[in-house]
>>> print(open('coords.cif').read())   # mmCIF, C-alpha atoms
data_structure
#
loop_
_atom_site.label_atom_id
_atom_site.label_comp_id
_atom_site.auth_asym_id
_atom_site.auth_seq_id
_atom_site.Cartn_x
_atom_site.Cartn_y
_atom_site.Cartn_z
CA MET A 1 80.61 69.13 122.94
CA SER A 2 83.45 69.26 120.47
CA LYS A 3 83.28 67.10 117.40
CA GLY A 4 86.84 65.99 117.91
CA HIS A 5 88.73 68.52 115.81
CA SER A 6 90.82 71.47 116.92
CA HIS A 7 92.47 71.83 120.30
CA ASP A 8 94.55 74.92 120.40
CA HIS A 9 91.85 77.39 119.43
CA ALA A 10 89.60 76.80 122.43
CA ASP A 11 87.50 74.75 120.04
CA TYR A 12 85.44 77.51 118.57
CA GLN A 13 84.88 78.08 114.92
CA PRO A 14 82.33 80.72 114.08
CA ASP A 15 79.11 79.50 112.55
CA ILE A 16 78.24 80.75 109.11
CA GLU A 17 75.50 82.85 110.73
CA ASP A 18 78.16 84.61 112.78
CA PHE A 19 79.48 86.38 109.68
CA PRO A 20 80.20 89.15 109.37
CA PHE A 21 82.01 89.10 112.68
CA SER A 22 82.44 92.19 114.80
CA GLU A 23 85.55 93.52 116.46
CA ARG A 24 84.25 92.45 119.88
CA MET A 25 83.63 88.92 118.62
CA VAL A 26 87.25 88.81 117.51
CA MET A 27 88.30 90.24 120.88
CA THR A 28 86.29 87.58 122.70
CA GLN A 29 87.93 84.79 120.75
CA ALA A 30 91.38 86.33 121.23
CA VAL A 31 90.94 86.65 124.99
CA ALA A 32 89.62 83.08 125.25
CA GLU A 33 92.63 81.76 123.37
CA LEU A 34 95.12 83.86 125.32
CA ILE A 35 93.88 82.76 128.74
CA VAL A 36 93.95 79.14 127.61
CA GLU A 37 97.45 79.49 126.14
CA LYS A 38 98.67 81.10 129.34
CA GLY A 39 97.33 78.19 131.34
CA ILE A 40 94.94 80.39 133.33
CA CYS A 41 92.08 78.07 132.46
CA THR A 42 91.41 75.26 130.04
CA ALA A 43 89.21 75.27 126.97
CA ASP A 44 87.19 72.54 128.69
CA GLU A 45 86.47 74.79 131.63
CA LEU A 46 85.12 77.49 129.34
CA ARG A 47 82.93 74.95 127.58
CA GLN A 48 81.69 73.53 130.86
CA GLN A 49 80.79 76.99 132.10
CA ILE A 50 78.75 77.62 128.95
CA GLU A 51 76.99 74.29 129.45
CA LEU A 52 76.32 75.13 133.08
CA MET A 53 74.66 78.42 132.19
CA ASP A 54 72.72 76.75 129.37
CA SER A 55 71.30 74.41 132.02
CA LYS A 56 70.01 77.29 134.15
CA GLU A 57 66.45 77.83 133.06
CA PRO A 58 63.25 79.35 134.42
CA ALA A 59 62.08 75.76 135.04
CA LEU A 60 64.33 75.69 138.13
CA GLY A 61 62.67 78.73 139.66
CA ALA A 62 59.28 77.41 138.61
CA ARG A 63 59.89 74.20 140.54
CA LEU A 64 60.72 76.20 143.65
CA VAL A 65 57.71 78.50 143.32
CA ALA A 66 55.35 75.55 142.70
CA LYS A 67 56.51 73.97 145.93
CA THR A 68 55.81 77.19 147.85
CA TRP A 69 52.24 77.05 146.50
CA VAL A 70 51.54 73.61 147.93
CA ASP A 71 53.64 73.75 151.10
CA PRO A 72 53.22 76.82 153.36
CA ASN A 73 56.11 75.72 155.55
CA TYR A 74 58.36 75.54 152.53
CA LYS A 75 57.20 79.00 151.45
CA ALA A 76 58.13 80.35 154.87
CA ARG A 77 61.60 78.85 154.48
CA VAL A 78 61.97 80.34 150.97
CA LEU A 79 61.01 83.77 152.26
CA ASP A 80 63.39 83.39 155.18
CA ASN A 81 66.40 82.02 153.29
CA CYS A 82 66.02 81.34 149.59
CA ALA A 83 69.46 79.76 149.15
CA LYS A 84 68.88 77.17 151.87
CA ALA A 85 65.37 76.40 150.70
CA ALA A 86 66.56 76.02 147.09
CA ALA A 87 69.30 73.65 148.24
CA GLU A 88 66.62 71.46 149.86
CA ILE A 89 65.31 70.66 146.40
CA GLY A 90 68.76 70.35 144.84
CA ILE A 91 69.13 73.84 143.37
CA ASP A 92 72.38 75.72 143.92
CA ILE A 93 71.77 79.47 143.66
CA GLY A 94 75.44 80.41 144.08
CA ASP A 95 77.04 82.88 146.46
CA ILE A 96 74.99 85.98 145.80
CA PRO A 97 71.90 86.11 148.01
CA ILE A 98 68.47 86.01 146.41
CA LYS A 99 65.54 87.43 148.33
CA ALA A 100 62.14 85.96 147.54
CA ILE A 101 59.19 88.36 147.66
CA GLU A 102 55.61 87.26 147.62
CA ASN A 103 52.75 88.63 145.55
CA THR A 104 49.51 88.73 147.51
CA ALA A 105 45.99 90.08 147.02
CA ASP A 106 47.26 93.44 148.28
CA VAL A 107 50.80 93.69 146.92
CA HIS A 108 52.34 93.18 143.49
CA ASN A 109 56.14 93.07 143.25
CA ILE A 110 58.30 93.88 140.24
CA VAL A 111 62.08 93.58 139.94
CA VAL A 112 64.53 95.75 138.03
CA CYS A 113 68.25 96.53 138.11
CA THR A 114 68.50 100.22 137.33
CA LEU A 115 72.30 100.30 137.38
CA CYS A 116 73.07 97.24 135.33
CA SER A 117 71.52 93.80 134.92
CA CYS A 118 71.61 91.98 138.27
CA TYR A 119 69.24 89.03 138.04
CA PRO A 120 68.73 85.69 139.82
CA ARG A 121 70.48 83.94 136.93
CA LEU A 122 71.28 80.70 138.72
CA LEU A 123 67.61 80.25 139.47
CA ILE A 124 65.97 81.41 136.22
CA GLY A 125 68.77 81.70 133.64
CA LEU A 126 70.20 84.72 131.84
CA PRO A 127 68.03 87.86 131.72
CA PRO A 128 66.01 88.74 128.61
CA ASP A 129 67.03 91.74 126.52
CA TRP A 130 64.28 94.00 127.81
CA TYR A 131 65.46 93.55 131.41
CA LYS A 132 68.76 95.14 130.39
CA SER A 133 67.21 97.83 128.23
CA ARG A 134 67.37 101.55 128.93
CA ALA A 135 63.58 101.83 128.79
CA TYR A 136 62.95 99.17 131.43
CA ARG A 137 65.80 100.21 133.73
CA SER A 138 64.82 103.87 133.61
CA ARG A 139 61.06 103.63 133.90
CA ALA A 140 60.34 100.59 136.10
CA VAL A 141 61.12 102.60 139.24
CA LYS A 142 59.25 105.71 138.17
CA GLU A 143 56.09 104.48 136.50
CA PRO A 144 55.87 100.75 137.23
CA ARG A 145 52.16 100.54 136.54
CA LYS A 146 52.66 101.95 133.06
CA VAL A 147 55.54 99.58 132.40
CA LEU A 148 53.41 96.67 133.62
CA GLU A 149 50.64 97.71 131.22
CA GLU A 150 53.17 97.44 128.40
CA PHE A 151 53.57 93.79 129.37
CA GLY A 152 49.79 93.45 129.33
CA THR A 153 49.56 93.42 133.11
CA HIS A 154 46.94 95.61 134.72
CA ILE A 155 47.29 96.08 138.46
CA PRO A 156 44.14 97.52 140.06
CA ASP A 157 44.55 100.76 142.01
CA ASN A 158 43.76 99.08 145.31
CA VAL A 159 46.79 96.79 144.94
CA GLU A 160 50.11 98.29 146.01
CA VAL A 161 52.98 97.98 143.51
CA ARG A 162 56.42 97.52 145.05
CA VAL A 163 59.52 97.90 142.91
CA HIS A 164 62.73 96.17 143.96
CA ASP A 165 66.01 97.49 142.59
CA SER A 166 68.58 94.69 142.45
CA THR A 167 72.24 95.13 143.23
CA ALA A 168 75.39 93.14 142.66
CA ASP A 169 75.00 91.83 146.21
CA LEU A 170 71.28 91.12 146.41
CA ARG A 171 68.91 89.80 143.76
CA TYR A 172 65.17 89.24 143.92
CA LEU A 173 62.77 86.50 142.91
CA VAL A 174 59.06 87.21 142.80
CA LEU A 175 56.77 84.45 144.06
CA PRO A 176 53.71 85.02 141.86
CA ALA A 177 50.30 84.38 143.34
CA ARG A 178 48.77 80.95 142.77
CA PRO A 179 46.04 81.23 140.14
CA ASP A 180 42.44 80.34 140.93
CA GLY A 181 41.11 77.02 139.73
CA THR A 182 44.23 75.04 140.58
CA GLY A 183 43.07 73.62 143.90
CA ASP A 184 43.75 69.98 143.09
CA TRP A 185 46.89 70.47 140.93
CA ASP A 186 50.17 68.88 141.93
CA GLU A 187 53.56 70.63 141.89
CA GLN A 188 54.47 69.48 138.40
CA GLN A 189 51.23 70.73 136.92
CA LEU A 190 51.52 73.99 138.80
CA ALA A 191 55.09 74.57 137.62
CA ARG A 192 53.78 74.83 134.05
CA LEU A 193 51.95 78.01 135.04
CA ILE A 194 55.05 79.73 136.38
CA THR A 195 56.88 81.72 133.72
CA ARG A 196 60.14 83.60 133.82
CA ASP A 197 58.28 86.89 133.47
CA SER A 198 56.04 86.06 136.41
CA MET A 199 59.13 85.53 138.58
CA VAL A 200 60.45 88.96 137.53
CA GLY A 201 57.00 90.35 138.32
CA VAL A 202 56.06 91.82 134.96
CA THR A 203 53.20 89.35 134.49
CA PRO A 204 51.12 87.13 136.78
CA ALA A 205 51.46 83.37 136.59
CA LYS A 206 49.46 81.81 133.77
CA SER A 207 45.89 80.72 134.39
CA PRO A 208 44.73 77.13 133.87
CA GLU A 209 42.93 78.25 130.72
CA ASP A 210 46.21 79.63 129.27
CA ILE A 211 47.81 76.21 128.93
CA MET B 1 70.46 119.24 140.78
CA THR B 2 71.42 115.62 140.89
CA ILE B 3 74.64 114.68 139.21
CA ARG B 4 74.54 111.16 137.93
CA ARG B 5 76.65 108.99 135.69
CA HIS B 6 75.23 107.64 132.48
CA HIS B 7 74.66 104.08 133.73
CA ASP B 8 72.59 105.40 136.65
CA MET B 9 69.33 105.70 134.72
CA GLY B 10 66.66 104.77 137.25
CA GLY B 11 63.78 107.25 137.11
CA LEU B 12 64.75 108.94 133.88
CA GLU B 13 62.40 109.39 130.96
CA ALA B 14 62.60 106.75 128.26
CA GLY B 15 60.48 105.23 125.53
CA PRO B 16 58.27 102.14 125.72
CA VAL B 17 59.81 98.80 126.68
CA ASP B 18 60.60 96.71 123.63
CA ALA B 19 59.78 93.19 124.73
CA SER B 20 61.42 91.46 121.76
CA GLU B 21 64.25 89.11 122.66
CA HIS B 22 67.11 87.35 120.95
CA ASP B 23 68.65 84.01 121.80
CA TYR B 24 72.18 84.45 123.06
CA ALA B 25 74.79 83.80 120.39
CA MET B 26 77.66 81.44 121.15
CA TRP B 27 80.15 84.30 121.33
CA GLU B 28 77.98 86.04 123.93
CA LYS B 29 77.87 82.87 126.00
CA ARG B 30 81.65 82.71 125.71
CA VAL B 31 81.99 86.25 127.10
CA ASP B 32 79.85 85.23 130.03
CA ALA B 33 81.93 82.07 130.54
CA ILE B 34 85.26 83.95 130.34
CA VAL B 35 84.11 86.39 133.02
CA LYS B 36 82.79 83.66 135.32
CA VAL B 37 85.85 81.45 134.94
CA LEU B 38 88.21 84.36 135.64
CA SER B 39 86.16 85.26 138.74
CA THR B 40 86.39 81.90 140.51
CA PRO B 41 87.69 82.06 144.10
CA ASP B 42 90.95 80.33 143.16
CA ARG B 43 91.67 82.88 140.42
CA LYS B 44 90.05 86.14 141.45
CA LEU B 45 91.30 87.80 138.27
CA LEU B 46 87.99 89.63 137.89
CA SER B 47 85.21 90.58 140.26
CA THR B 48 81.66 91.70 139.53
CA ASP B 49 82.45 95.12 140.96
CA GLU B 50 85.54 95.50 138.79
CA LEU B 51 83.61 94.42 135.71
CA ARG B 52 80.93 96.98 136.48
CA ARG B 53 83.46 99.71 137.09
CA GLY B 54 85.00 98.89 133.70
CA ILE B 55 81.60 99.02 132.01
CA GLU B 56 80.69 102.31 133.64
CA GLU B 57 84.03 103.79 132.59
CA LEU B 58 83.41 103.06 128.93
CA GLY B 59 81.79 106.49 128.81
CA PRO B 60 78.33 107.56 127.63
CA GLY B 61 78.98 107.22 123.88
CA VAL B 62 80.52 103.79 123.88
CA TYR B 63 78.18 102.51 126.60
CA ASP B 64 75.11 103.12 124.46
CA GLU B 65 76.71 102.12 121.20
CA LEU B 66 77.82 98.68 122.33
CA SER B 67 75.54 95.74 122.97
CA TYR B 68 75.43 94.17 126.40
CA TYR B 69 78.09 91.50 125.94
CA GLU B 70 80.20 93.86 123.87
CA ARG B 71 80.37 96.03 126.98
CA TRP B 72 81.27 93.01 129.08
CA ILE B 73 84.16 91.83 126.90
CA SER B 74 85.45 95.40 126.55
CA SER B 75 85.53 95.80 130.31
CA ALA B 76 86.97 92.35 131.00
CA THR B 77 89.71 92.84 128.40
CA ASN B 78 90.60 96.27 129.79
CA LEU B 79 90.85 94.77 133.27
CA LEU B 80 93.12 91.97 132.07
CA LEU B 81 95.35 94.56 130.41
CA GLU B 82 95.29 96.80 133.48
CA LYS B 83 96.33 93.87 135.69
CA GLY B 84 99.04 92.76 133.29
CA VAL B 85 97.45 89.34 132.77
CA ILE B 86 97.74 89.99 129.05
CA THR B 87 99.60 92.71 127.19
CA VAL B 88 98.42 95.07 124.48
CA ASP B 89 100.92 93.46 122.15
CA GLU B 90 99.67 89.94 122.79
CA LEU B 91 96.09 91.03 122.39
CA GLY B 92 96.76 92.88 119.15
CA LYS B 93 98.63 89.95 117.65
CA LYS B 94 96.02 87.44 118.69
CA MET B 95 93.16 89.55 117.38
CA ALA B 96 94.91 89.90 114.04
CA GLU B 97 95.46 86.15 113.95
CA VAL B 98 91.82 85.36 114.77
CA GLU B 99 90.58 87.85 112.23
CA ALA B 100 92.82 86.42 109.52
CA ARG B 101 91.71 82.88 110.35
CA TRP B 102 88.02 83.78 110.31
CA THR B 103 88.35 85.78 107.11
CA LYS B 104 89.90 82.72 105.48
CA ASP B 105 87.09 80.53 106.86
CA ARG B 106 84.53 82.93 105.50
CA GLU B 107 86.12 82.93 102.07
CA GLY B 108 86.25 79.17 102.20
CA ALA B 109 82.55 79.09 103.06
CA GLU B 110 81.57 81.23 100.10
#
>>> encode(input="coords.cif", output="structure tokens")
Amino acid sequence: MSKGHSHDHADYQPDIEDFPFSERMVMTQAVAELIVEKGICTADELRQQIELMDSKEPALGARLVAKTWVDPNYKARVLDNCAKAAAEIGIDIGDIPIKAIENTADVHNIVVCTLCSCYPRLLIGLPPDWYKSRAYRSRAVKEPRKVLEEFGTHIPDNVEVRVHDSTADLRYLVLPARPDGTGDWDEQQLARLITRDSMVGVTPAKSPEDI
Amino acid sequence: MTIRRHHDMGGLEAGPVDASEHDYAMWEKRVDAIVKVLSTPDRKLLSTDELRRGIEELGPGVYDELSYYERWISSATNLLLEKGVITVDELGKKMAEVEARWTKDREGAE
């Protein structure tokens, strides 16, 4: 939060590391100040929105996935209606539907947005740079196995790879497969195995020996 | 032959995926916040589809030259101008003011 100075500049002074500033950084600051000055929104609202997005982390999605691993009925509800099932455990995924897709012994799922950067951000936070990169967006639909290898993920030939192309109106969340050797683990322990990348489908969940 | 626009890149040839990442800078988070706040149901000054249209209209050169959130703020600003929420004059003045202020801050920091 603000340290109690400044009021009319939407409370943002660039950090030293921000120098030299770019034209778009200046534009961003100018637009923020103009919409506050015009009374369209308040500086507080902008700050709160930043804090809200900062609070959206892969840990939320991991909590949901961990619950699907221990509760088959919950998994069925997640697959049927992810928003409702997320709300059950206090997670608001927003207005844009998220479809959960399950990795099994026979099918591995991977998610991309070829046109832009659609991503289940309210469930796992903002997308990493590579998700928005030309290389990933172009190739994930054409040679997914090769792309997966670049993430260190080898999918055997007898496992089908399904690629899901997100849109502005439908996003995807991969439910990675539960690793072996976790039979007696509780949800909290299991959640530690579930990474952001595993919920995008570029890696499996971690194994017990990884943590 | 398929005619496609430059943002429609699914299936094209490209190099290896660079898995390095950067933490979002505060200004990038602000771009995100501006867009979300202007999109709320009570304001509806921007929509995801409009933002995307604006990004896609930046054209192939600019699209590839700008970083992700640079594309976002360019599109959002163009939309605000197009809708008359802000004027070119206001924007120009404010950008000059911000730049002067930051330049002074920078000199002060040195």
>>> residues_around(input="coords.cif", residues="Arg24 (chain A)", least_positions_apart="6", cutoff="9 Å", atoms="all atoms listed in the file", output="list in words")
Tyr69, Glu70, Arg71, Ile73 and Ser74 of chain B
>>> residues_around(input="coords.cif", residues="Met27 (chain A)", least_positions_apart="4", cutoff="9 Å", atoms="only C-alpha atoms", output="short mmCIF file (atom, residue, chain, number, x, y, z; two decimals) with C-alpha atoms, in the frame of the given file")
data_model
loop_
_atom_site.label_atom_id
_atom_site.label_comp_id
_atom_site.auth_asym_id
_atom_site.auth_seq_id
_atom_site.Cartn_x
_atom_site.Cartn_y
_atom_site.Cartn_z
CA SER A 22 82.44 92.19 114.80
CA GLU A 23 85.55 93.52 116.46
CA VAL A 31 90.94 86.65 124.99
CA ALA A 32 89.62 83.08 125.25
CA ILE B 73 84.16 91.83 126.90
CA SER B 74 85.45 95.40 126.55
CA THR B 77 89.71 92.84 128.40
CA LEU B 91 96.09 91.03 122.39
CA LYS B 94 96.02 87.44 118.69
CA MET B 95 93.16 89.55 117.38
CA VAL B 98 91.82 85.36 114.77
#
>>> interface_residues(input="coords.cif", of="chain A", to="chain B", cutoff="8 Å", atoms="only C-alpha atoms", output="JSON, numbers by chain")
{"A": [13, 14, 16, 19, 24, 25, 26, 27, 28, 29, 30, 31, 32, 34, 41, 45, 46, 47, 49, 50, 114, 115, 116, 128, 129, 130, 132, 133, 134, 135, 136, 137, 138, 139, 140, 141, 142, 147, 150, 151, 168]}
>>> atom_distance(input="coords.cif", atom1="CA of Arg63 (chain A)", atom2="CA of Ser117 (chain A)")
23.5 Å
>>> atom_distance(input="coords.cif", atom1="CA of Asp95 (chain A)", atom2="CA of Asp44 (chain A)")
22.9 Å
>>> resolve_selection(input="coords.cif", expression="the PyMOL selection byres ((chain B and resi 79) around 8)", output="list in words")
Leu46, Glu50, Leu51, Gly54, Ser75, Ala76, Thr77, Asn78, Leu80, Leu81, Glu82 and Lys83 of chain B
>>> resolve_selection(input="coords.cif", expression="the PyMOL selection byres ((chain A and resi 82) around 12)", output="PyMOL selection string")
chain A and resi 61+64-65+68+74-81+83-89+91-101+120+123+170-175
>>> decode(input="coords.cif", residues="region 64-75 of chain A", atoms="all heavy atoms", output="mmCIF file, in the first residue's frame")
data_model
loop_
_atom_site.group_PDB
_atom_site.id
_atom_site.type_symbol
_atom_site.label_atom_id
_atom_site.label_comp_id
_atom_site.auth_asym_id
_atom_site.auth_seq_id
_atom_site.Cartn_x
_atom_site.Cartn_y
_atom_site.Cartn_z
ATOM 1 N N LEU A 64 -7.354 -26.956 -5.749
ATOM 2 C CA LEU A 64 -8.492 -27.587 -6.424
ATOM 3 C C LEU A 64 -8.105 -28.956 -6.991
ATOM 4 O O LEU A 64 -8.813 -29.949 -6.795
ATOM 5 C CB LEU A 64 -8.996 -26.648 -7.529
ATOM 6 C CG LEU A 64 -10.186 -27.117 -8.364
ATOM 7 C CD1 LEU A 64 -11.153 -25.957 -8.593
ATOM 8 C CD2 LEU A 64 -9.742 -27.681 -9.703
ATOM 9 N N VAL A 65 -6.955 -29.009 -7.658
ATOM 10 C CA VAL A 65 -6.530 -30.280 -8.254
ATOM 11 C C VAL A 65 -6.299 -31.328 -7.162
ATOM 12 O O VAL A 65 -6.710 -32.487 -7.300
ATOM 13 C CB VAL A 65 -5.250 -30.084 -9.110
ATOM 14 C CG1 VAL A 65 -4.733 -31.440 -9.593
ATOM 15 C CG2 VAL A 65 -5.537 -29.180 -10.305
ATOM 16 N N ALA A 66 -5.662 -30.917 -6.060
ATOM 17 C CA ALA A 66 -5.381 -31.871 -4.977
ATOM 18 C C ALA A 66 -6.679 -32.490 -4.457
ATOM 19 O O ALA A 66 -6.750 -33.690 -4.161
ATOM 20 C CB ALA A 66 -4.626 -31.169 -3.845
ATOM 21 N N LYS A 67 -7.704 -31.675 -4.384
ATOM 22 C CA LYS A 67 -8.989 -32.197 -3.898
ATOM 23 C C LYS A 67 -9.589 -33.213 -4.886
ATOM 24 O O LYS A 67 -10.197 -34.201 -4.476
ATOM 25 C CB LYS A 67 -9.959 -31.031 -3.638
ATOM 26 C CG LYS A 67 -11.196 -31.416 -2.838
ATOM 27 C CD LYS A 67 -11.973 -30.176 -2.421
ATOM 28 C CE LYS A 67 -13.336 -30.515 -1.843
ATOM 29 N NZ LYS A 67 -13.256 -31.328 -0.612
ATOM 30 N N THR A 68 -9.370 -32.960 -6.195
ATOM 31 C CA THR A 68 -9.891 -33.931 -7.170
ATOM 32 C C THR A 68 -9.165 -35.272 -7.046
ATOM 33 O O THR A 68 -9.712 -36.311 -7.399
ATOM 34 C CB THR A 68 -9.731 -33.452 -8.638
ATOM 35 O OG1 THR A 68 -8.338 -33.429 -8.990
ATOM 36 C CG2 THR A 68 -10.345 -32.090 -8.865
ATOM 37 N N TRP A 69 -7.917 -35.237 -6.546
ATOM 38 C CA TRP A 69 -7.148 -36.473 -6.422
ATOM 39 C C TRP A 69 -7.653 -37.344 -5.268
ATOM 40 O O TRP A 69 -7.476 -38.562 -5.290
ATOM 41 C CB TRP A 69 -5.665 -36.160 -6.194
ATOM 42 C CG TRP A 69 -4.934 -35.722 -7.436
ATOM 43 C CD1 TRP A 69 -5.403 -35.684 -8.705
ATOM 44 C CD2 TRP A 69 -3.573 -35.270 -7.506
ATOM 45 N NE1 TRP A 69 -4.442 -35.235 -9.571
ATOM 46 C CE2 TRP A 69 -3.297 -34.975 -8.859
ATOM 47 C CE3 TRP A 69 -2.560 -35.071 -6.569
ATOM 48 C CZ2 TRP A 69 -2.067 -34.496 -9.297
ATOM 49 C CZ3 TRP A 69 -1.320 -34.603 -6.996
ATOM 50 C CH2 TRP A 69 -1.069 -34.316 -8.351
ATOM 51 N N VAL A 70 -8.194 -36.703 -4.254
ATOM 52 C CA VAL A 70 -8.618 -37.490 -3.083
ATOM 53 C C VAL A 70 -10.127 -37.729 -3.053
ATOM 54 O O VAL A 70 -10.610 -38.537 -2.274
ATOM 55 C CB VAL A 70 -8.192 -36.822 -1.748
ATOM 56 C CG1 VAL A 70 -6.670 -36.727 -1.664
ATOM 57 C CG2 VAL A 70 -8.825 -35.460 -1.582
ATOM 58 N N ASP A 71 -10.867 -37.010 -3.893
ATOM 59 C CA ASP A 71 -12.327 -37.086 -3.815
ATOM 60 C C ASP A 71 -12.907 -37.228 -5.232
ATOM 61 O O ASP A 71 -13.098 -36.240 -5.937
ATOM 62 C CB ASP A 71 -12.837 -35.806 -3.129
ATOM 63 C CG ASP A 71 -14.351 -35.792 -2.978
ATOM 64 O OD1 ASP A 71 -15.034 -36.641 -3.591
ATOM 65 O OD2 ASP A 71 -14.852 -34.908 -2.251
ATOM 66 N N PRO A 72 -13.182 -38.472 -5.650
ATOM 67 C CA PRO A 72 -13.677 -38.709 -7.017
ATOM 68 C C PRO A 72 -14.980 -37.965 -7.314
ATOM 69 O O PRO A 72 -15.198 -37.522 -8.450
ATOM 70 C CB PRO A 72 -13.897 -40.221 -7.077
ATOM 71 C CG PRO A 72 -13.175 -40.786 -5.903
ATOM 72 C CD PRO A 72 -13.029 -39.712 -4.881
ATOM 73 N N ASN A 73 -15.816 -37.803 -6.300
ATOM 74 C CA ASN A 73 -17.062 -37.057 -6.531
ATOM 75 C C ASN A 73 -16.763 -35.593 -6.825
ATOM 76 O O ASN A 73 -17.404 -34.963 -7.670
ATOM 77 C CB ASN A 73 -17.991 -37.153 -5.320
ATOM 78 C CG ASN A 73 -18.542 -38.554 -5.159
ATOM 79 O OD1 ASN A 73 -18.806 -39.232 -6.161
ATOM 80 N ND2 ASN A 73 -18.669 -39.003 -3.925
ATOM 81 N N TYR A 74 -15.800 -35.060 -6.097
ATOM 82 C CA TYR A 74 -15.411 -33.669 -6.355
ATOM 83 C C TYR A 74 -14.821 -33.545 -7.755
ATOM 84 O O TYR A 74 -15.135 -32.604 -8.495
ATOM 85 C CB TYR A 74 -14.415 -33.172 -5.301
ATOM 86 C CG TYR A 74 -14.092 -31.704 -5.467
ATOM 87 C CD1 TYR A 74 -15.055 -30.729 -5.177
ATOM 88 C CD2 TYR A 74 -12.859 -31.275 -5.958
ATOM 89 C CE1 TYR A 74 -14.792 -29.383 -5.358
ATOM 90 C CE2 TYR A 74 -12.588 -29.930 -6.142
ATOM 91 C CZ TYR A 74 -13.552 -28.991 -5.841
ATOM 92 O OH TYR A 74 -13.292 -27.649 -6.035
ATOM 93 N N LYS A 75 -13.999 -34.499 -8.140
ATOM 94 C CA LYS A 75 -13.421 -34.466 -9.496
ATOM 95 C C LYS A 75 -14.531 -34.442 -10.553
ATOM 96 O O LYS A 75 -14.464 -33.678 -11.518
ATOM 97 C CB LYS A 75 -12.506 -35.671 -9.734
ATOM 98 C CG LYS A 75 -11.916 -35.660 -11.146
ATOM 99 C CD LYS A 75 -10.708 -36.546 -11.288
ATOM 100 C CE LYS A 75 -11.148 -37.981 -11.490
ATOM 101 N NZ LYS A 75 -9.993 -38.882 -11.605
#
